[in-house]
>>> print(open('data-v2.txt').read())   # compact mmCIF, C-alpha atoms and all ligand atoms
# COMPACT_ATOMS: atom_id res chain seq x y z
CA MET A 292 -41.60 283.55 -23.47
CA ALA A 293 -39.98 280.16 -24.08
CA GLU A 294 -39.31 277.88 -21.12
CA ILE A 295 -35.91 277.51 -19.55
CA ASP A 296 -34.43 274.03 -19.88
CA GLN A 297 -33.71 273.27 -16.22
CA THR A 298 -31.11 270.70 -17.16
CA ARG A 299 -28.98 273.30 -18.95
CA VAL A 300 -28.97 276.28 -16.65
CA PRO A 301 -25.52 277.92 -16.83
CA ARG A 302 -23.64 276.96 -13.72
CA HIS A 303 -21.81 280.28 -13.58
CA VAL A 304 -23.19 283.60 -14.87
CA ALA A 305 -20.93 286.67 -14.83
CA ILE A 306 -22.32 290.16 -15.39
CA ILE A 307 -20.75 293.45 -16.43
CA MET A 308 -23.33 295.83 -14.99
CA ASP A 309 -23.11 298.86 -17.27
CA GLY A 310 -25.24 301.89 -18.08
CA ASN A 311 -26.14 303.31 -14.65
CA GLY A 312 -24.79 306.74 -15.59
CA ARG A 313 -26.62 306.87 -18.92
CA TRP A 314 -29.84 305.70 -17.30
CA ALA A 315 -29.67 308.63 -14.89
CA GLU A 316 -28.56 311.16 -17.51
CA GLN A 317 -31.47 310.19 -19.77
CA ARG A 318 -33.77 311.20 -16.92
CA GLY A 319 -31.92 314.38 -16.04
CA LEU A 320 -30.80 312.85 -12.74
CA ALA A 321 -27.40 312.65 -11.06
CA ARG A 322 -25.33 309.59 -12.04
CA LEU A 323 -25.46 308.36 -8.48
CA HIS A 324 -29.18 307.94 -8.81
CA GLY A 325 -28.51 305.41 -11.58
CA HIS A 326 -26.19 303.48 -9.27
CA ARG A 327 -28.87 303.48 -6.56
CA VAL A 328 -31.44 301.95 -8.87
CA GLY A 329 -28.69 299.63 -10.11
CA LYS A 330 -28.48 298.31 -6.57
CA ASP A 331 -32.13 297.25 -6.84
CA SER A 332 -31.22 295.38 -10.05
CA VAL A 333 -28.44 293.61 -8.14
CA ARG A 334 -30.95 292.48 -5.52
CA ALA A 335 -33.42 291.29 -8.16
CA VAL A 336 -30.79 289.44 -10.17
CA VAL A 337 -29.25 287.69 -7.15
CA GLU A 338 -32.71 286.47 -6.18
CA SER A 339 -33.67 285.42 -9.72
CA ALA A 340 -30.38 283.66 -10.41
CA ARG A 341 -30.73 281.70 -7.19
CA LYS A 342 -34.26 280.64 -8.09
CA LEU A 343 -33.15 279.60 -11.57
CA GLY A 344 -30.54 277.30 -10.06
CA VAL A 345 -27.43 279.26 -11.08
CA GLN A 346 -24.64 278.11 -8.75
CA TYR A 347 -22.21 280.99 -9.20
CA LEU A 348 -23.07 284.61 -9.97
CA SER A 349 -20.21 287.04 -10.59
CA LEU A 350 -20.88 290.77 -10.56
CA PHE A 351 -18.49 293.52 -11.67
CA ALA A 352 -19.30 296.13 -9.04
CA PHE A 353 -16.23 298.38 -9.25
CA SER A 354 -13.22 298.25 -11.56
CA THR A 355 -9.67 299.44 -10.92
CA GLU A 356 -10.40 302.12 -13.57
CA ASN A 357 -13.46 303.31 -11.62
CA TRP A 358 -11.11 304.87 -9.04
CA ASN A 359 -10.52 307.61 -11.65
CA ARG A 360 -14.13 308.80 -11.49
CA PRO A 361 -14.97 312.04 -9.63
CA PRO A 362 -14.50 311.57 -5.86
CA LYS A 363 -18.19 312.25 -5.23
CA GLU A 364 -19.23 309.37 -7.47
CA VAL A 365 -16.58 307.04 -6.00
CA ASP A 366 -17.70 307.91 -2.45
CA GLY A 367 -21.34 307.39 -3.40
CA LEU A 368 -20.59 303.98 -4.91
CA MET A 369 -18.61 302.96 -1.84
CA GLN A 370 -21.50 303.95 0.42
CA LEU A 371 -23.91 301.98 -1.74
CA LEU A 372 -21.71 298.92 -1.51
CA ARG A 373 -21.37 299.18 2.24
CA ARG A 374 -25.12 299.60 2.71
CA TYR A 375 -25.86 296.76 0.33
CA LEU A 376 -23.58 294.42 2.28
CA ALA A 377 -25.13 295.42 5.60
CA SER A 378 -28.73 295.27 4.43
CA GLU A 379 -28.47 292.00 2.48
CA LEU A 380 -26.58 289.91 5.00
CA ASP A 381 -29.71 288.50 6.66
CA LYS A 382 -31.12 287.50 3.29
CA MET A 383 -27.83 285.90 2.27
CA MET A 384 -27.87 283.81 5.44
CA LYS A 385 -31.53 282.88 4.99
CA HIS A 386 -30.94 281.69 1.43
CA GLY A 387 -27.56 280.07 2.07
CA ILE A 388 -25.72 282.48 -0.23
CA ARG A 389 -21.94 282.50 0.06
CA LEU A 390 -20.20 285.78 -0.71
CA VAL A 391 -16.72 285.89 -2.18
CA ALA A 392 -14.86 289.12 -2.98
CA VAL A 393 -12.16 289.53 -5.63
CA GLY A 394 -10.07 292.62 -6.31
CA THR A 395 -7.51 294.84 -4.64
CA LEU A 396 -9.52 295.14 -1.46
CA ARG A 397 -6.85 297.02 0.49
CA ARG A 398 -7.65 300.11 -1.63
CA LEU A 399 -11.20 300.20 -0.24
CA PRO A 400 -12.20 302.63 2.52
CA PRO A 401 -11.95 300.85 5.91
CA ALA A 402 -15.73 300.83 6.47
CA VAL A 403 -16.37 299.07 3.15
CA ARG A 404 -13.51 296.65 3.70
CA GLU A 405 -14.88 295.80 7.11
CA ALA A 406 -18.44 295.29 5.83
CA LEU A 407 -17.07 293.07 3.10
CA ARG A 408 -14.88 291.09 5.49
CA ALA A 409 -17.83 290.57 7.85
CA ALA A 410 -20.17 289.41 5.07
CA VAL A 411 -17.57 287.06 3.56
CA ALA A 412 -16.78 285.58 6.99
CA ALA A 413 -20.45 285.17 7.99
CA THR A 414 -21.42 283.45 4.73
CA ARG A 415 -18.27 281.33 4.39
CA ASN A 416 -19.96 278.00 5.15
CA ASN A 417 -23.16 278.62 3.21
CA THR A 418 -23.76 276.02 0.54
CA GLY A 419 -26.29 277.71 -1.75
CA MET A 420 -25.39 280.04 -4.62
CA THR A 421 -21.99 281.74 -4.52
CA VAL A 422 -21.93 285.46 -5.35
CA VAL A 423 -18.51 286.64 -6.50
CA LEU A 424 -18.32 290.39 -6.09
CA ALA A 425 -15.53 292.06 -8.06
CA ILE A 426 -14.58 295.28 -6.30
CA SER A 427 -11.55 297.36 -7.21
CA TYR A 428 -10.95 294.53 -9.65
CA GLY A 429 -8.99 294.33 -12.90
CA GLY A 430 -8.25 291.15 -14.82
CA ARG A 431 -4.74 292.19 -15.84
CA GLU A 432 -3.95 293.12 -12.26
CA GLU A 433 -5.22 289.74 -11.07
CA MET A 434 -3.02 287.94 -13.61
CA THR A 435 -0.01 290.13 -12.81
CA ARG A 436 -0.37 289.27 -9.14
CA ALA A 437 -0.58 285.56 -10.00
CA MET A 438 2.63 285.84 -12.04
CA ARG A 439 4.36 287.65 -9.19
CA ASP A 440 3.28 284.95 -6.72
CA MET A 441 4.55 282.20 -9.00
CA ALA A 442 7.84 284.05 -9.60
CA ARG A 443 8.36 284.28 -5.84
CA LYS A 444 7.76 280.54 -5.49
CA VAL A 445 10.22 279.84 -8.29
CA LYS A 446 12.81 282.05 -6.59
CA ARG A 447 12.31 280.20 -3.31
CA GLY A 448 12.66 276.87 -5.10
CA GLU A 449 9.07 275.85 -4.37
CA LEU A 450 8.00 275.77 -8.01
CA ALA A 451 9.90 274.73 -11.14
CA PRO A 452 9.25 276.87 -14.28
CA ASP A 453 8.40 273.73 -16.26
CA ASP A 454 5.74 272.87 -13.71
CA ILE A 455 3.79 276.07 -14.43
CA THR A 456 0.82 274.62 -16.26
CA GLN A 457 -2.49 276.31 -17.05
CA ASP A 458 -3.94 274.62 -14.00
CA VAL A 459 -1.17 276.02 -11.79
CA VAL A 460 -1.85 279.54 -13.16
CA ARG A 461 -5.58 279.08 -12.51
CA ARG A 462 -4.87 278.16 -8.92
CA HIS A 463 -3.00 281.44 -8.41
CA LEU A 464 -6.00 283.56 -9.47
CA ALA A 465 -8.44 285.14 -7.02
CA THR A 466 -11.17 282.93 -8.48
CA LYS A 467 -9.30 279.68 -7.82
CA ASP A 468 -12.28 278.09 -6.08
CA VAL A 469 -14.80 279.15 -8.72
CA PRO A 470 -15.46 277.43 -12.07
CA ASP A 471 -15.12 279.55 -15.22
CA PRO A 472 -18.23 281.51 -16.27
CA ASP A 473 -20.46 279.72 -18.78
CA LEU A 474 -22.27 282.92 -19.67
CA LEU A 475 -21.00 286.50 -19.62
CA ILE A 476 -23.71 289.16 -19.78
CA ARG A 477 -22.98 292.81 -20.52
CA THR A 478 -25.69 295.44 -20.31
CA SER A 479 -26.02 298.78 -22.14
CA GLY A 480 -24.89 297.51 -25.54
CA GLU A 481 -21.12 297.92 -25.27
CA MET A 482 -19.13 295.19 -27.03
CA ARG A 483 -16.19 295.06 -24.64
CA VAL A 484 -14.99 292.84 -21.82
CA SER A 485 -13.42 295.79 -19.97
CA ASN A 486 -10.69 293.90 -18.14
CA TYR A 487 -13.17 291.56 -16.42
CA LEU A 488 -12.18 287.96 -15.64
CA LEU A 489 -9.85 287.91 -18.64
CA TRP A 490 -8.42 284.45 -18.04
CA GLN A 491 -11.71 282.94 -16.87
CA ILE A 492 -13.91 283.95 -19.84
CA ALA A 493 -11.77 282.17 -22.44
CA TYR A 494 -14.69 279.91 -23.41
CA SER A 495 -17.67 281.82 -22.01
CA GLU A 496 -20.68 282.57 -24.17
CA ILE A 497 -21.09 286.34 -24.42
CA TYR A 498 -24.51 287.97 -24.38
CA VAL A 499 -24.85 291.74 -24.84
CA THR A 500 -28.16 293.49 -24.29
CA ASP A 501 -29.04 297.15 -24.92
CA THR A 502 -30.95 297.23 -21.63
CA LEU A 503 -29.26 299.58 -19.17
CA TRP A 504 -28.35 297.99 -15.84
CA PRO A 505 -30.95 299.86 -13.71
CA ASP A 506 -33.66 298.41 -15.98
CA PHE A 507 -32.26 294.86 -15.88
CA ARG A 508 -34.48 292.50 -13.91
CA ARG A 509 -35.57 288.84 -13.78
CA ARG A 510 -37.12 288.94 -17.27
CA HIS A 511 -33.82 290.09 -18.81
CA LEU A 512 -31.83 287.42 -16.99
CA ILE A 513 -34.23 284.79 -18.31
CA GLU A 514 -33.83 286.17 -21.86
CA ALA A 515 -30.05 285.88 -21.51
CA VAL A 516 -30.27 282.30 -20.23
CA LEU A 517 -32.64 281.35 -23.07
CA ALA A 518 -30.21 282.84 -25.62
CA TYR A 519 -27.41 280.86 -23.97
CA GLN A 520 -29.43 277.65 -24.18
CA LYS A 521 -29.88 278.13 -27.93
CA ARG A 522 -26.14 278.16 -28.49
CA GLU A 523 -23.99 275.15 -29.13
CA ARG A 524 -20.89 275.33 -27.03
CA ARG A 525 -17.96 274.12 -29.05
CA TYR A 526 -14.89 275.27 -27.12
CA SER A 527 -13.27 275.59 -30.59
CA GLY A 528 -12.66 271.88 -30.65
CA ILE A 529 -14.38 268.82 -29.38
CA GLY A 530 -16.24 268.69 -26.14
CA ALA A 531 -15.08 270.48 -23.03
CA PRO A 532 -12.03 272.73 -22.84
CA ALA A 533 -8.69 271.38 -21.68
CA VAL A 534 -8.56 273.79 -18.79
CA ILE A 535 -11.57 274.33 -16.69
CA GLY A 536 -12.03 275.60 -13.24
CA ALA A 537 -14.93 273.22 -13.34
CA GLN A 538 -14.99 269.50 -13.03
C1 LIG B 601 -21.58 300.99 -14.60
O1 LIG B 601 -22.36 302.10 -14.90
C2 LIG B 601 -21.71 300.54 -13.24
C3 LIG B 601 -20.80 300.72 -12.24
C4 LIG B 601 -19.55 301.46 -12.42
C5 LIG B 601 -20.98 300.20 -10.90
C6 LIG B 601 -21.96 299.09 -10.67
C7 LIG B 601 -22.58 299.36 -9.37
C8 LIG B 601 -23.85 299.09 -9.02
C9 LIG B 601 -24.76 298.33 -9.85
C10 LIG B 601 -24.39 299.63 -7.74
C11 LIG B 601 -24.20 298.88 -6.50
C12 LIG B 601 -23.55 297.55 -6.59
C13 LIG B 601 -23.77 296.57 -5.69
C14 LIG B 601 -23.06 295.28 -5.81
C15 LIG B 601 -24.72 296.76 -4.60
P1 LIG B 601 -21.67 303.38 -15.51
O2 LIG B 601 -21.64 304.40 -14.45
O3 LIG B 601 -20.36 303.03 -16.10
O4 LIG B 601 -22.70 303.76 -16.62
P2 LIG B 601 -22.40 304.58 -17.95
O5 LIG B 601 -21.53 303.71 -18.81
O6 LIG B 601 -23.76 304.79 -18.53
O7 LIG B 601 -21.73 305.87 -17.55
>>> encode(input="data-v2.txt", output="structure tokens", more="lines below")
Ligand code: FPP
Amino acid sequence: MAEIDQTRVPRHVAIIMDGNGRWAEQRGLARLHGHRVGKDSVRAVVESARKLGVQYLSLFAFSTENWNRPPKEVDGLMQLLRRYLASELDKMMKHGIRLVAVGTLRRLPPAVREALRAAVAATRNNTGMTVVLAISYGGREEMTRAMRDMARKVKRGELAPDDITQDVVRRHLATKDVPDPDLLIRTSGEMRVSNYLLWQIAYSEIYVTDTLWPDFRRRHLIEAVLAYQKRERRYSGIGAPAVIGAQ
């Protein structure tokens, strides 16, 4: 396998983790089993991304649409999330990982919300890689909320409509402290962005692999980064984009 160019590691990698259900169905197992093995992929990818020098890793763990799945699957996923947060906290502290959560968190069961709150609070001052967990997240919902917040400020006279620039919009998103993803990975071969980080991926390189999420490990992340490094980022113009969450 070719070598990674350490000077051009994507600063922010975002992943749509897809294919857990199919992975399980192919083996005649319950869908939840696929999610369980998918949790092992999450662990492996967090560790590998950190070692590669990725500074921000965003993971789409649960979408607003996922609430429509059968209650048993939703409950199982919530339990997995809660256990993951509890079991990984020590490791996050040891490796200086900062956890950030985006999404409509008030919809989460109290035990998950509490585990999330505790992990976010405990890791707040860590200065290593930032993991941005999207839970009960939808990009359109995030943008709608930003518009509502700005409208309220306009109504109160705190913001003039003409002062609403792209940078002002960016600062009203849940990801305001996170640069835009350089690389968006989607597993299981689907060519969709599925309402993930819609504003933020405007200039991201997209990499789709047929590998199902439970099979996705370090080797696959490296393949994605190598593919990214072969691309010339043009931002449809010259140089860097006009709006970046990044400096
Ligand atoms: C997509 O597979 C995946 C999800 C809906 C959830 C992702 C969750 C995990 C990887 C497990 C735990 C997460 C963390 C952060 C510990 P799918 O069910 O849509 O698969 P399918 O398209 O084959 O049905």
>>> residues_around(input="data-v2.txt", residues="A:Phe351", least_positions_apart="4", cutoff="7 Å", atoms="all atoms listed in the file", output="PyMOL selection string")
chain A and resi 306-308+424-426
>>> residues_near_point(input="data-v2.txt", point="(-33.3, 282.5, 1.8)", cutoff="12 Å", atoms="all atoms listed in the file", output="ChimeraX atom specification")
/A:337-339,341-342,379-389,417-420
>>> axis_aligned_box(input="data-v2.txt", around="ligand LIG 601 (chain B)", padding_each_side="8 Å", output="JSON")
{"center_x": -22.2, "center_y": 300.6, "center_z": -11.7, "size_x": 21.2, "size_y": 26.6, "size_z": 30.2}
>>> residues_near_ligand(input="data-v2.txt", ligand="ligand LIG 601 (chain B)", cutoff="6 Å", atoms="all atoms listed in the file", output="compact mmCIF listing (two decimals) with C-alpha atoms, keeping the file's coordinate frame")
# COMPACT_ATOMS: atom_id res chain seq x y z
CA MET A 308 -23.33 295.83 -14.99
CA ASP A 309 -23.11 298.86 -17.27
CA GLY A 310 -25.24 301.89 -18.08
CA ASN A 311 -26.14 303.31 -14.65
CA GLY A 312 -24.79 306.74 -15.59
CA ARG A 313 -26.62 306.87 -18.92
CA HIS A 326 -26.19 303.48 -9.27
CA GLY A 329 -28.69 299.63 -10.11
CA LYS A 330 -28.48 298.31 -6.57
CA ALA A 352 -19.30 296.13 -9.04
CA PHE A 353 -16.23 298.38 -9.25
CA LEU A 371 -23.91 301.98 -1.74
CA LEU A 372 -21.71 298.92 -1.51
CA TYR A 375 -25.86 296.76 0.33
>>> closest_residue(input="data-v2.txt", among="A:Thr502, A:Ser427, A:Thr456, A:Gln297", to="A:Val403", atoms="all atoms listed in the file")
A:Ser427
>>> closest_residue(input="data-v2.txt", among="A:Leu350, A:Met482, A:Ile513, A:Leu323", to="A:Tyr428", atoms="all atoms listed in the file")
A:Leu350
>>> closest_residue(input="data-v2.txt", among="A:Asn416, A:Tyr347, A:Thr500, A:Ala465", to="A:Leu396", atoms="all atoms listed in the file")
A:Ala465
>>> atom_distance(input="data-v2.txt", atom1="atom CA of A:Leu517", atom2="atom CA of A:Ile492")
19.2 Å
>>> closest_residue(input="data-v2.txt", among="A:Thr421, A:Asn486, A:Ser479, A:Thr435", to="A:Ser349", atoms="all atoms listed in the file")
A:Thr421
>>> closest_residue(input="data-v2.txt", among="A:Ile295, A:Ala305, A:Ala315, A:Ala437", to="A:Gln491", atoms="all atoms listed in the file")
A:Ala305
>>> atom_distance(input="data-v2.txt", atom1="atom CA of A:Gly480", atom2="atom CA of A:Val499")
5.8 Å
>>> atom_distance(input="data-v2.txt", atom1="atom CA of A:Leu376", atom2="atom CA of A:Gln346")
19.7 Å
>>> residues_around(input="data-v2.txt", residues="A:Thr466", least_positions_apart="6", cutoff="9 Å", atoms="only C-alpha atoms", output="list in words")
Val391, Val393, Val423, Leu488, Gln491 and Gly536 of chain A
>>> closest_residue(input="data-v2.txt", among="A:Met441, A:Ala409, A:Val304, A:Ala518", to="A:Asp454", atoms="all atoms listed in the file")
A:Met441
>>> residues_around(input="data-v2.txt", residues="A:Thr298", least_positions_apart="3", cutoff="12 Å", atoms="all atoms listed in the file", output="VMD selection string")
chain A and resid 294 to 295 301 to 302 343 to 345 520
>>> decode(input="data-v2.txt", residues="stretch 359-371 of chain A", atoms="N, CA and C atoms", output="mmCIF file, in the first residue's frame")
data_model
loop_
_atom_site.group_PDB
_atom_site.id
_atom_site.type_symbol
_atom_site.label_atom_id
_atom_site.label_comp_id
_atom_site.auth_asym_id
_atom_site.auth_seq_id
_atom_site.Cartn_x
_atom_site.Cartn_y
_atom_site.Cartn_z
ATOM 1 N N ASN A 359 -37.481 6.775 13.165
ATOM 2 C CA ASN A 359 -38.611 6.037 12.577
ATOM 3 C C ASN A 359 -38.370 4.535 12.487
ATOM 4 N N ARG A 360 -37.197 4.081 12.904
ATOM 5 C CA ARG A 360 -36.933 2.635 12.860
ATOM 6 C C ARG A 360 -37.721 1.920 13.958
ATOM 7 N N PRO A 361 -37.860 0.585 13.869
ATOM 8 C CA PRO A 361 -38.610 -0.136 14.910
ATOM 9 C C PRO A 361 -38.043 0.175 16.293
ATOM 10 N N PRO A 362 -38.936 0.330 17.287
ATOM 11 C CA PRO A 362 -38.496 0.720 18.638
ATOM 12 C C PRO A 362 -37.374 -0.171 19.177
ATOM 13 N N LYS A 363 -37.413 -1.453 18.852
ATOM 14 C CA LYS A 363 -36.388 -2.356 19.375
ATOM 15 C C LYS A 363 -34.995 -1.970 18.841
ATOM 16 N N GLU A 364 -34.952 -1.596 17.572
ATOM 17 C CA GLU A 364 -33.660 -1.201 16.993
ATOM 18 C C GLU A 364 -33.200 0.139 17.573
ATOM 19 N N VAL A 365 -34.151 1.070 17.719
ATOM 20 C CA VAL A 365 -33.809 2.385 18.288
ATOM 21 C C VAL A 365 -33.283 2.196 19.720
ATOM 22 N N ASP A 366 -33.989 1.393 20.513
ATOM 23 C CA ASP A 366 -33.552 1.162 21.902
ATOM 24 C C ASP A 366 -32.166 0.529 21.929
ATOM 25 N N GLY A 367 -31.958 -0.438 21.058
ATOM 26 C CA GLY A 367 -30.658 -1.122 20.989
ATOM 27 C C GLY A 367 -29.539 -0.153 20.641
ATOM 28 N N LEU A 368 -29.812 0.729 19.673
ATOM 29 C CA LEU A 368 -28.796 1.716 19.281
ATOM 30 C C LEU A 368 -28.497 2.681 20.425
ATOM 31 N N MET A 369 -29.555 3.075 21.125
ATOM 32 C CA MET A 369 -29.365 4.002 22.258
ATOM 33 C C MET A 369 -28.511 3.356 23.352
ATOM 34 N N GLN A 370 -28.784 2.087 23.610
ATOM 35 C CA GLN A 370 -27.992 1.362 24.617
ATOM 36 C C GLN A 370 -26.531 1.270 24.199
ATOM 37 N N LEU A 371 -26.333 0.989 22.912
ATOM 38 C CA LEU A 371 -24.958 0.896 22.399
ATOM 39 C C LEU A 371 -24.217 2.211 22.588
#
